[in-house]
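What follows is the content of upload30.cif, which has mmCIF, C-alpha atoms and all ligand atoms:
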data_query
#
loop_
_atom_site.group_PDB
_atom_site.id
_atom_site.type_symbol
_atom_site.label_atom_id
_atom_site.label_comp_id
_atom_site.auth_asym_id
_atom_site.auth_seq_id
_atom_site.Cartn_x
_atom_site.Cartn_y
_atom_site.Cartn_z
ATOM 1 C CA MET A 60 42.159 180.536 -7.402
ATOM 2 C CA LEU A 61 40.157 179.672 -4.253
ATOM 3 C CA ARG A 62 37.814 182.602 -4.916
ATOM 4 C CA SER A 63 37.415 182.050 -8.637
ATOM 5 C CA PRO A 64 33.802 181.713 -9.876
ATOM 6 C CA ALA A 65 34.531 178.304 -11.392
ATOM 7 C CA PHE A 66 35.923 176.961 -8.106
ATOM 8 C CA LEU A 67 32.991 178.336 -6.075
ATOM 9 C CA ALA A 68 30.482 176.881 -8.577
ATOM 10 C CA THR A 69 32.175 173.470 -8.324
ATOM 11 C CA LEU A 70 32.127 173.670 -4.519
ATOM 12 C CA THR A 71 28.416 174.569 -4.515
ATOM 13 C CA PHE A 72 27.616 171.686 -6.888
ATOM 14 C CA LEU A 73 29.459 169.185 -4.679
ATOM 15 C CA ALA A 74 27.701 170.466 -1.543
ATOM 16 C CA VAL A 75 24.243 170.112 -3.173
ATOM 17 C CA ALA A 76 25.061 166.646 -4.515
ATOM 18 C CA LEU A 77 26.287 165.504 -1.097
ATOM 19 C CA GLY A 78 23.162 166.893 0.592
ATOM 20 C CA ALA A 79 20.880 165.105 -1.871
ATOM 21 C CA ARG A 80 22.790 161.849 -1.367
ATOM 22 C CA VAL A 81 22.449 162.079 2.416
ATOM 23 C CA ALA A 82 18.709 162.879 2.139
ATOM 24 C CA GLN A 83 18.136 159.811 -0.035
ATOM 25 C CA ALA A 84 20.242 157.455 2.044
ATOM 26 C CA PRO A 85 18.244 154.557 3.552
ATOM 27 C CA TRP A 86 17.523 154.529 7.263
ATOM 28 C CA THR A 87 20.059 152.159 8.733
ATOM 29 C CA GLU A 88 20.095 152.932 12.442
ATOM 30 C CA GLN A 89 18.987 150.054 14.650
ATOM 31 C CA PHE A 90 17.529 150.611 18.108
ATOM 32 C CA PRO A 91 18.429 148.196 20.923
ATOM 33 C CA GLY A 92 14.876 146.778 21.209
ATOM 34 C CA SER A 93 13.338 143.679 19.653
ATOM 35 C CA TYR A 94 11.088 143.287 16.607
ATOM 36 C CA PRO A 95 7.314 143.591 16.785
ATOM 37 C CA ARG A 96 5.017 140.644 16.162
ATOM 38 C CA VAL A 97 1.306 140.468 15.413
ATOM 39 C CA HIS A 98 -0.963 138.530 17.755
ATOM 40 C CA ALA A 99 -3.244 135.933 16.117
ATOM 41 C CA PRO A 100 -6.783 137.031 15.131
ATOM 42 C CA ALA A 101 -9.515 136.560 17.736
ATOM 43 C CA ASP A 102 -11.630 133.388 17.718
ATOM 44 C CA ALA A 103 -15.310 133.959 18.281
ATOM 45 C CA ARG A 104 -18.582 132.007 18.287
ATOM 46 C CA PHE A 105 -21.596 133.836 16.887
ATOM 47 C CA GLU A 106 -24.982 133.123 18.497
ATOM 48 C CA PHE A 107 -27.887 134.396 16.354
ATOM 49 C CA LEU A 108 -30.910 135.342 18.496
ATOM 50 C CA PRO A 109 -34.203 136.954 17.303
ATOM 51 C CA ASP A 110 -33.160 140.605 17.825
ATOM 52 C CA GLU A 111 -29.482 140.435 18.661
ATOM 53 C CA ILE A 112 -26.263 138.639 17.891
ATOM 54 C CA ARG A 113 -24.161 137.532 20.831
ATOM 55 C CA ILE A 114 -20.495 137.006 20.062
ATOM 56 C CA HIS A 115 -18.550 134.860 22.512
ATOM 57 C CA LEU A 116 -14.810 135.578 22.476
ATOM 58 C CA ASP A 117 -11.960 133.198 23.212
ATOM 59 C CA GLU A 118 -10.071 135.876 25.160
ATOM 60 C CA GLU A 119 -10.362 139.502 26.305
ATOM 61 C CA THR A 120 -8.447 142.276 24.553
ATOM 62 C CA LYS A 121 -6.104 144.682 26.327
ATOM 63 C CA SER A 122 -8.422 147.633 25.596
ATOM 64 C CA GLY A 123 -11.656 145.840 26.629
ATOM 65 C CA ARG A 124 -13.056 146.663 23.189
ATOM 66 C CA ILE A 125 -13.231 144.927 19.862
ATOM 67 C CA ILE A 126 -14.461 145.723 16.370
ATOM 68 C CA VAL A 127 -17.322 143.777 14.831
ATOM 69 C CA PHE A 128 -17.072 143.842 11.033
ATOM 70 C CA ALA A 129 -19.009 142.690 7.993
ATOM 71 C CA HIS A 130 -18.001 142.816 4.341
ATOM 72 C CA ALA A 131 -20.532 144.225 1.888
ATOM 73 C CA ALA A 132 -21.237 143.258 -1.719
ATOM 74 C CA ASP A 133 -19.914 146.623 -2.979
ATOM 75 C CA GLY A 134 -16.363 145.764 -1.840
ATOM 76 C CA SER A 135 -16.428 147.743 1.392
ATOM 77 C CA LEU A 136 -16.170 146.675 5.005
ATOM 78 C CA LEU A 137 -18.394 148.081 7.751
ATOM 79 C CA GLY A 138 -17.147 148.176 11.328
ATOM 80 C CA LEU A 139 -18.536 148.897 14.772
ATOM 81 C CA LEU A 140 -16.500 149.334 17.958
ATOM 82 C CA LYS A 141 -18.080 147.481 20.900
ATOM 83 C CA PRO A 142 -17.189 146.936 24.556
ATOM 84 C CA ILE A 143 -16.536 143.388 25.769
ATOM 85 C CA VAL A 144 -18.709 142.413 28.718
ATOM 86 C CA ASP A 145 -18.175 139.075 30.492
ATOM 87 C CA GLY A 146 -16.181 137.744 27.549
ATOM 88 C CA ALA A 147 -18.880 138.566 24.978
ATOM 89 C CA VAL A 148 -20.081 141.314 22.660
ATOM 90 C CA THR A 149 -23.722 141.933 21.831
ATOM 91 C CA VAL A 150 -24.881 143.540 18.583
ATOM 92 C CA ARG A 151 -28.487 144.703 18.788
ATOM 93 C CA ARG A 152 -30.855 145.930 16.120
ATOM 94 C CA GLY A 153 -30.249 149.681 15.811
ATOM 95 C CA ASP A 154 -26.495 149.488 16.521
ATOM 96 C CA LEU A 155 -25.095 151.608 13.699
ATOM 97 C CA ALA A 156 -21.709 151.075 12.031
ATOM 98 C CA ASP A 157 -18.916 153.508 12.976
ATOM 99 C CA TYR A 158 -17.048 153.429 9.650
ATOM 100 C CA ARG A 159 -16.922 152.141 6.106
ATOM 101 C CA LEU A 160 -13.564 151.000 4.730
ATOM 102 C CA ALA A 161 -12.730 150.347 1.086
ATOM 103 C CA VAL A 162 -11.084 146.941 0.622
ATOM 104 C CA ARG A 163 -9.840 145.158 -2.469
ATOM 105 C CA GLY A 164 -8.410 141.693 -2.030
ATOM 106 C CA ARG A 165 -5.918 142.123 0.790
ATOM 107 C CA ASP A 166 -5.516 145.855 0.155
ATOM 108 C CA VAL A 167 -7.024 148.435 2.486
ATOM 109 C CA GLY A 168 -8.130 151.740 0.982
ATOM 110 C CA GLU A 169 -9.777 154.919 2.181
ATOM 111 C CA HIS A 170 -12.144 154.917 5.135
ATOM 112 C CA ARG A 171 -15.104 157.085 6.038
ATOM 113 C CA LEU A 172 -16.277 157.678 9.597
ATOM 114 C CA LEU A 173 -20.074 157.456 9.636
ATOM 115 C CA LYS A 174 -20.617 159.186 12.971
ATOM 116 C CA ALA A 175 -20.256 162.979 13.090
ATOM 117 C CA MET A 176 -20.284 164.983 16.340
ATOM 118 C CA ASP A 177 -24.069 164.934 16.738
ATOM 119 C CA ARG A 178 -25.430 162.689 13.983
ATOM 120 C CA TYR A 179 -24.733 159.791 11.649
ATOM 121 C CA VAL A 180 -23.752 160.805 8.128
ATOM 122 C CA GLU A 181 -24.721 157.295 6.975
ATOM 123 C CA ARG A 182 -26.929 154.877 8.892
ATOM 124 C CA GLU A 183 -25.918 151.232 8.521
ATOM 125 C CA ASP A 184 -27.551 148.812 10.956
ATOM 126 C CA MET A 185 -24.726 146.454 11.910
ATOM 127 C CA LEU A 186 -27.012 143.534 12.790
ATOM 128 C CA GLU A 187 -28.588 143.748 9.313
ATOM 129 C CA ARG A 188 -25.181 143.992 7.662
ATOM 130 C CA ILE A 189 -23.937 140.861 9.464
ATOM 131 C CA LEU A 190 -27.083 138.918 8.500
ATOM 132 C CA ASP A 191 -26.685 140.158 4.928
ATOM 133 C CA ALA A 192 -23.033 139.061 4.791
ATOM 134 C CA ARG A 193 -23.959 135.677 6.239
ATOM 135 C CA ALA A 194 -26.730 135.177 3.638
ATOM 136 C CA LYS A 195 -24.429 136.164 0.749
ATOM 137 C CA GLY A 196 -21.415 134.140 1.871
ATOM 138 C CA LEU A 197 -19.365 137.295 2.623
ATOM 139 C CA ARG A 198 -16.989 137.467 5.535
ATOM 140 C CA PHE A 199 -17.917 138.856 8.933
ATOM 141 C CA GLY A 200 -16.367 138.557 12.365
ATOM 142 C CA VAL A 201 -14.434 140.339 15.069
ATOM 143 C CA GLN A 202 -11.193 142.251 14.828
ATOM 144 C CA ARG A 203 -8.754 142.956 17.652
ATOM 145 C CA CYS A 204 -7.047 145.774 15.757
ATOM 146 C CA LEU A 205 -9.027 148.995 16.119
ATOM 147 C CA TYR A 206 -7.992 150.456 12.750
ATOM 148 C CA PRO A 207 -9.212 152.896 11.345
ATOM 149 C CA ILE A 208 -10.570 154.234 14.658
ATOM 150 C CA CYS A 209 -7.037 153.777 16.018
ATOM 151 C CA ASN A 210 -3.943 154.740 14.065
ATOM 152 C CA ARG A 211 -1.310 154.754 16.773
ATOM 153 C CA CYS A 212 1.130 152.197 15.385
ATOM 154 C CA LEU A 213 1.245 153.992 12.031
ATOM 155 C CA ASP A 214 1.711 157.359 13.743
ATOM 156 C CA GLY A 215 4.475 155.931 15.963
ATOM 157 C CA CYS A 216 6.265 154.447 12.977
ATOM 158 C CA LYS A 217 5.974 157.681 10.991
ATOM 159 C CA SER A 218 7.642 159.533 13.861
ATOM 160 C CA VAL A 219 10.860 157.515 13.465
ATOM 161 C CA MET A 220 10.899 156.455 9.807
ATOM 162 C CA ARG A 221 11.623 158.748 6.883
ATOM 163 C CA GLY A 222 9.558 157.253 4.092
ATOM 164 C CA ASP A 223 9.310 153.503 3.669
ATOM 165 C CA PHE A 224 7.238 152.401 6.637
ATOM 166 C CA PRO A 225 7.723 148.753 7.581
ATOM 167 C CA ILE A 226 4.176 148.617 8.937
ATOM 168 C CA SER A 227 0.963 148.705 6.897
ATOM 169 C CA MET A 228 -2.638 147.516 7.129
ATOM 170 C CA ARG A 229 -3.931 144.486 5.217
ATOM 171 C CA VAL A 230 -7.057 142.340 5.130
ATOM 172 C CA GLY A 231 -6.285 139.062 6.879
ATOM 173 C CA GLU A 232 -7.476 135.599 5.856
ATOM 174 C CA ARG A 233 -10.561 135.881 8.059
ATOM 175 C CA GLY A 234 -11.565 139.198 6.527
ATOM 176 C CA ASN A 235 -10.328 141.239 9.501
ATOM 177 C CA VAL A 236 -7.930 144.161 9.125
ATOM 178 C CA GLU A 237 -4.567 143.738 10.815
ATOM 179 C CA PRO A 238 -1.060 145.202 10.652
ATOM 180 C CA VAL A 239 1.686 143.481 8.679
ATOM 181 C CA PHE A 240 5.430 144.170 8.747
ATOM 182 C CA ALA A 241 7.902 144.278 5.900
ATOM 183 C CA LYS A 242 10.737 142.042 6.976
ATOM 184 C CA GLY A 243 14.144 143.598 7.286
ATOM 185 C CA SER A 244 13.180 147.278 7.150
ATOM 186 C CA CYS A 245 12.178 147.852 10.786
ATOM 187 C CA PRO A 246 14.818 149.524 13.000
ATOM 188 C CA ARG A 247 13.228 148.090 16.201
ATOM 189 C CA CYS A 248 12.208 151.349 17.905
ATOM 190 C CA GLY A 249 9.327 149.574 19.673
ATOM 191 C CA LYS A 250 6.809 152.410 19.388
ATOM 192 C CA CYS A 251 4.174 150.327 17.604
ATOM 193 C CA PHE A 252 3.871 147.726 20.343
ATOM 194 C CA VAL A 253 4.251 150.202 23.202
ATOM 195 C CA TRP A 254 1.538 152.433 21.716
ATOM 196 C CA CYS A 255 -0.873 149.692 20.562
ATOM 197 C CA PRO A 256 -3.895 149.881 22.901
ATOM 198 C CA SER A 257 -5.364 146.500 21.999
ATOM 199 C CA GLY A 258 -2.338 144.211 22.296
ATOM 200 C CA VAL A 259 -2.439 143.285 18.591
ATOM 201 C CA ILE A 260 1.197 144.290 18.119
ATOM 202 C CA ARG A 261 3.465 142.812 20.742
ATOM 203 C CA ASP A 262 7.113 142.648 21.622
ATOM 204 C CA SER A 263 8.495 139.512 19.985
ATOM 205 C CA GLY A 264 11.485 139.495 22.333
ATOM 206 C CA SER A 265 13.560 138.606 19.282
ATOM 207 C CA LEU A 266 16.375 140.479 17.558
ATOM 208 C CA THR A 267 15.808 138.557 14.313
ATOM 209 C CA ASN A 268 12.590 138.967 12.376
HETATM 210 S S1 LIG B 1 7.157 151.626 15.054
HETATM 211 FE FE1 LIG B 1 7.932 151.061 13.004
HETATM 212 S S2 LIG B 1 10.171 151.172 13.230
HETATM 213 FE FE2 LIG B 1 9.316 151.108 15.301
HETATM 214 S S3 LIG B 1 9.331 148.899 15.859
HETATM 215 FE FE3 LIG B 1 7.316 149.359 14.984
HETATM 216 S S4 LIG B 1 7.482 148.851 12.779
HETATM 217 FE FE4 LIG B 1 9.566 149.018 13.613
HETATM 218 S S1 LIG B 2 -2.010 150.557 17.350
HETATM 219 FE FE1 LIG B 2 -2.826 148.478 17.552
HETATM 220 S S2 LIG B 2 -5.045 148.724 17.560
HETATM 221 FE FE2 LIG B 2 -4.179 150.647 16.794
HETATM 222 S S3 LIG B 2 -4.180 150.401 14.576
HETATM 223 FE FE3 LIG B 2 -2.188 149.708 15.283
HETATM 224 S S4 LIG B 2 -2.397 147.480 15.590
HETATM 225 FE FE4 LIG B 2 -4.449 148.351 15.431
#
Any chance you could put this one into structure tokens?
Amino acid sequence: MLRSPAFLATLTFLAVALGARVAQAPWTEQFPGSYPRVHAPADARFEFLPDEIRIHLDEETKSGRIIVFAHAADGSLLGLLKPIVDGAVTVRRGDLADYRLAVRGRDVGEHRLLKAMDRYVEREDMLERILDARAKGLRFGVQRCLYPICNRCLDGCKSVMRGDFPISMRVGERGNVEPVFAKGSCPRCGKCFVWCPSGVIRDSGSLTN
């Protein structure tokens, strides 16, 4: 009876069904660490000078760099990574954007890096783009999070999660891109805030999110 084709077929069916059930089971393991939290967006004062824009920051970032961004009328966002020197960033005429990011409402879409190894594939003068955004009432500013140049938190999360990532990128109220977390679905592995180079994601020190 144990070797009958019908019994073996039933056994095989049960094994496949059990395997599929296990593969679809939600991730429930919790790590001993605390939940991540997102640091508030940077405050900055823009000083418009004849051939440059000086941006005075309220505080340094962990990486010593920050992104200057400007929204465009076509629904994209242009960004330029700049170093912070003496608490300020200077955008000069001829400083070209590093990337273009598709945005729609709060949603973040595909991005395109504008700088290839030895040339720019698209030349967008960041000073002009900021002045343009200012004239058209579009948002511009600074962004602590280095996305899409940096992707570490998403990579870290993907290395521990199976499918539904608690972390994603959204456009914040000031027009900057920042990470957001889906409450309740993070198993507290801590990789996002350990790997974040800019200090945007931090250890909340809390076991309740
Ligand atoms: S990397 Fe993902 S799973 Fe780990 S703490 Fe951050 S959001 Fe949670
Ligand atoms: S690791 Fe930090 S800087 Fe990099 S994308 Fe994530 S939040 Fe932004």
Counting only C-alpha atoms and all ligand atoms, the residue among A:Arg188, A:Arg96, A:Arg152, A:Arg193 that lies closest to ligand LIG 1 (chain B) is A:Arg96
(request) List every protein, DNA or RNA residue that has at least one atom no more than 7 Å from (3.4, 153.8, 21.5) in the file's coordinates, counting only C-alpha atoms, and write the result as an MDAnalysis selection string. (result) chainID A and resid 211:212 215 250:255
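Once the PyMOL selection byres (((not hetatm)) within 6 of (chain B and resi 1)) is applied to the depicted file, the selected set reads Tyr94, Pro95, Gly215, Cys216, Pro225, Ile226, Cys245, Pro246, Arg247, Cys248, Gly249, Lys250 and Cys251 of chain A.
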For the residues selected in the previous step, produce a file with C-alpha atoms as an mmCIF file, in the frame of the given file.
data_model
loop_
_atom_site.group_PDB
_atom_site.id
_atom_site.type_symbol
_atom_site.label_atom_id
_atom_site.label_comp_id
_atom_site.auth_asym_id
_atom_site.auth_seq_id
_atom_site.Cartn_x
_atom_site.Cartn_y
_atom_site.Cartn_z
ATOM 1 C CA TYR A 94 11.088 143.287 16.607
ATOM 2 C CA PRO A 95 7.314 143.591 16.785
ATOM 3 C CA GLY A 215 4.475 155.931 15.963
ATOM 4 C CA CYS A 216 6.265 154.447 12.977
ATOM 5 C CA PRO A 225 7.723 148.753 7.581
ATOM 6 C CA ILE A 226 4.176 148.617 8.937
ATOM 7 C CA CYS A 245 12.178 147.852 10.786
ATOM 8 C CA PRO A 246 14.818 149.524 13.000
ATOM 9 C CA ARG A 247 13.228 148.090 16.201
ATOM 10 C CA CYS A 248 12.208 151.349 17.905
ATOM 11 C CA GLY A 249 9.327 149.574 19.673
ATOM 12 C CA LYS A 250 6.809 152.410 19.388
ATOM 13 C CA CYS A 251 4.174 150.327 17.604
#
Worksheet item: Quick one: which residues end up in the PyMOL selection byres (((chain A and resi 198) around 7) and not hetatm) for this structure, as a VMD selection string?
Response: chain A and resid 129 to 130 192 196 to 197 199 to 200 234
ask   = Hey, what's within 8 Å of range 256-265 of chain A if we count all atoms listed in the file and toss same-chain stuff fewer than 5 positions away? As number ranges by chain, please?
value = A: 93-99, 120-124, 203-205, 238, 249, 251
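Evaluated against this file, the PyMOL selection byres (((chain A and resi 185) around 9) and not hetatm) yields Val127, Phe128, Ala129, Leu137, Gly138, Leu139, Val150, Arg151, Arg152, Gly153, Asp154, Leu155, Ala156, Glu183, Asp184, Leu186, Glu187, Arg188, Ile189 and Leu190 of chain A.
Distance check against Gly231 in chain A using all atoms listed in the file: of A:Thr267, A:Ser218, A:Gln202, A:Ser244, the minimum falls on A:Gln202.
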In terms of all atoms listed in the file, the residue from A:Pro207, A:Gly222, A:Gly92, A:Pro109 at minimal distance from ligand LIG 2 (chain B) is A:Pro207
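Here CA of Asp177 in chain A stands at a distance of 22.0 Å from CA of Tyr206 in chain A.
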CA of Glu118 in chain A sits from CA of Val230 in chain A at a separation of 21.3 Å
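Nearest to ligand LIG 2 (chain B) of all the residues A:Val167, A:Met176, A:Ile112, A:Leu213 is A:Leu213, counting all atoms listed in the file.
In this structure, atom S2 of ligand LIG 2 (chain B) sits 12.3 Å away from CA of Val239 in chain A.
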Edge lengths and centre in Å to one decimal, as lines of an AutoDock Vina configuration file, is what I'm after for the box along x, y and z that holds all listed atoms of ligand LIG 2 (chain B) once 4 Å is added on each side.
center_x = -3.5
center_y = 149.1
center_z = 16.1
size_x = 11.0
size_y = 11.2
size_z = 11.0
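The smallest atom-to-atom distance between Glu169 in chain A and any of A:Glu237, A:Met228, A:Glu119, A:Met220, using all atoms listed in the file, is found for A:Met228.
Between ligand LIG 2 (chain B) and the candidates A:Ile126, A:Ala194, A:Ala101, A:Ala161, the tightest atom-to-atom separation, counting only C-alpha atoms and all ligand atoms, involves A:Ile126.
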Q.
When you look at Ala103 in chain A with a cut-off of 10 Å (counting all atoms listed in the file), what residues show up, excluding the ones that are within fewer than 4 positions of it in the same chain? I need them as number ranges by chain.
A. A: 113-118, 147-148, 200-202
| task | Write out as a list of chain:residue names which residues come within 8 Å of Leu172 in chain A when counting all atoms listed in the file, dropping same-chain ones fewer than 3 positions away. | result | A:Asp157, A:Tyr158, A:Arg159, A:Ala175
Please fill the gaps in range 156-167 of chain A so it has N, CA and C atoms, and write that as a PDB file, in the coordinates of the input.
ATOM      1  N   ALA A 156     -23.152 151.208  12.317  1.00  0.00           N
ATOM      2  CA  ALA A 156     -21.709 151.075  12.031  1.00  0.00           C
ATOM      3  C   ALA A 156     -20.992 152.399  12.265  1.00  0.00           C
ATOM      4  N   ASP A 157     -19.733 152.308  12.735  1.00  0.00           N
ATOM      5  CA  ASP A 157     -18.916 153.508  12.976  1.00  0.00           C
ATOM      6  C   ASP A 157     -18.178 153.964  11.724  1.00  0.00           C
ATOM      7  N   TYR A 158     -17.841 153.039  10.830  1.00  0.00           N
ATOM      8  CA  TYR A 158     -17.048 153.429   9.650  1.00  0.00           C
ATOM      9  C   TYR A 158     -17.291 152.469   8.488  1.00  0.00           C
ATOM     10  N   ARG A 159     -16.947 152.960   7.318  1.00  0.00           N
ATOM     11  CA  ARG A 159     -16.922 152.141   6.106  1.00  0.00           C
ATOM     12  C   ARG A 159     -15.506 152.230   5.536  1.00  0.00           C
ATOM     13  N   LEU A 160     -14.943 151.072   5.205  1.00  0.00           N
ATOM     14  CA  LEU A 160     -13.564 151.000   4.730  1.00  0.00           C
ATOM     15  C   LEU A 160     -13.556 150.342   3.357  1.00  0.00           C
ATOM     16  N   ALA A 161     -12.849 150.955   2.412  1.00  0.00           N
ATOM     17  CA  ALA A 161     -12.730 150.347   1.086  1.00  0.00           C
ATOM     18  C   ALA A 161     -11.686 149.237   1.146  1.00  0.00           C
ATOM     19  N   VAL A 162     -12.039 148.050   0.650  1.00  0.00           N
ATOM     20  CA  VAL A 162     -11.084 146.941   0.622  1.00  0.00           C
ATOM     21  C   VAL A 162     -11.107 146.300  -0.763  1.00  0.00           C
ATOM     22  N   ARG A 163      -9.952 145.845  -1.182  1.00  0.00           N
ATOM     23  CA  ARG A 163      -9.840 145.158  -2.469  1.00  0.00           C
ATOM     24  C   ARG A 163      -8.829 144.038  -2.296  1.00  0.00           C
ATOM     25  N   GLY A 164      -9.313 142.805  -2.328  1.00  0.00           N
ATOM     26  CA  GLY A 164      -8.410 141.693  -2.030  1.00  0.00           C
ATOM     27  C   GLY A 164      -7.859 141.886  -0.626  1.00  0.00           C
ATOM     28  N   ARG A 165      -6.544 141.894  -0.527  1.00  0.00           N
ATOM     29  CA  ARG A 165      -5.918 142.123   0.790  1.00  0.00           C
ATOM     30  C   ARG A 165      -5.632 143.601   1.041  1.00  0.00           C
ATOM     31  N   ASP A 166      -5.853 144.438   0.013  1.00  0.00           N
ATOM     32  CA  ASP A 166      -5.516 145.855   0.155  1.00  0.00           C
ATOM     33  C   ASP A 166      -6.595 146.645   0.886  1.00  0.00           C
ATOM     34  N   VAL A 167      -6.133 147.560   1.718  1.00  0.00           N
ATOM     35  CA  VAL A 167      -7.024 148.435   2.486  1.00  0.00           C
ATOM     36  C   VAL A 167      -6.954 149.832   1.889  1.00  0.00           C
TER      37      VAL A 167
END
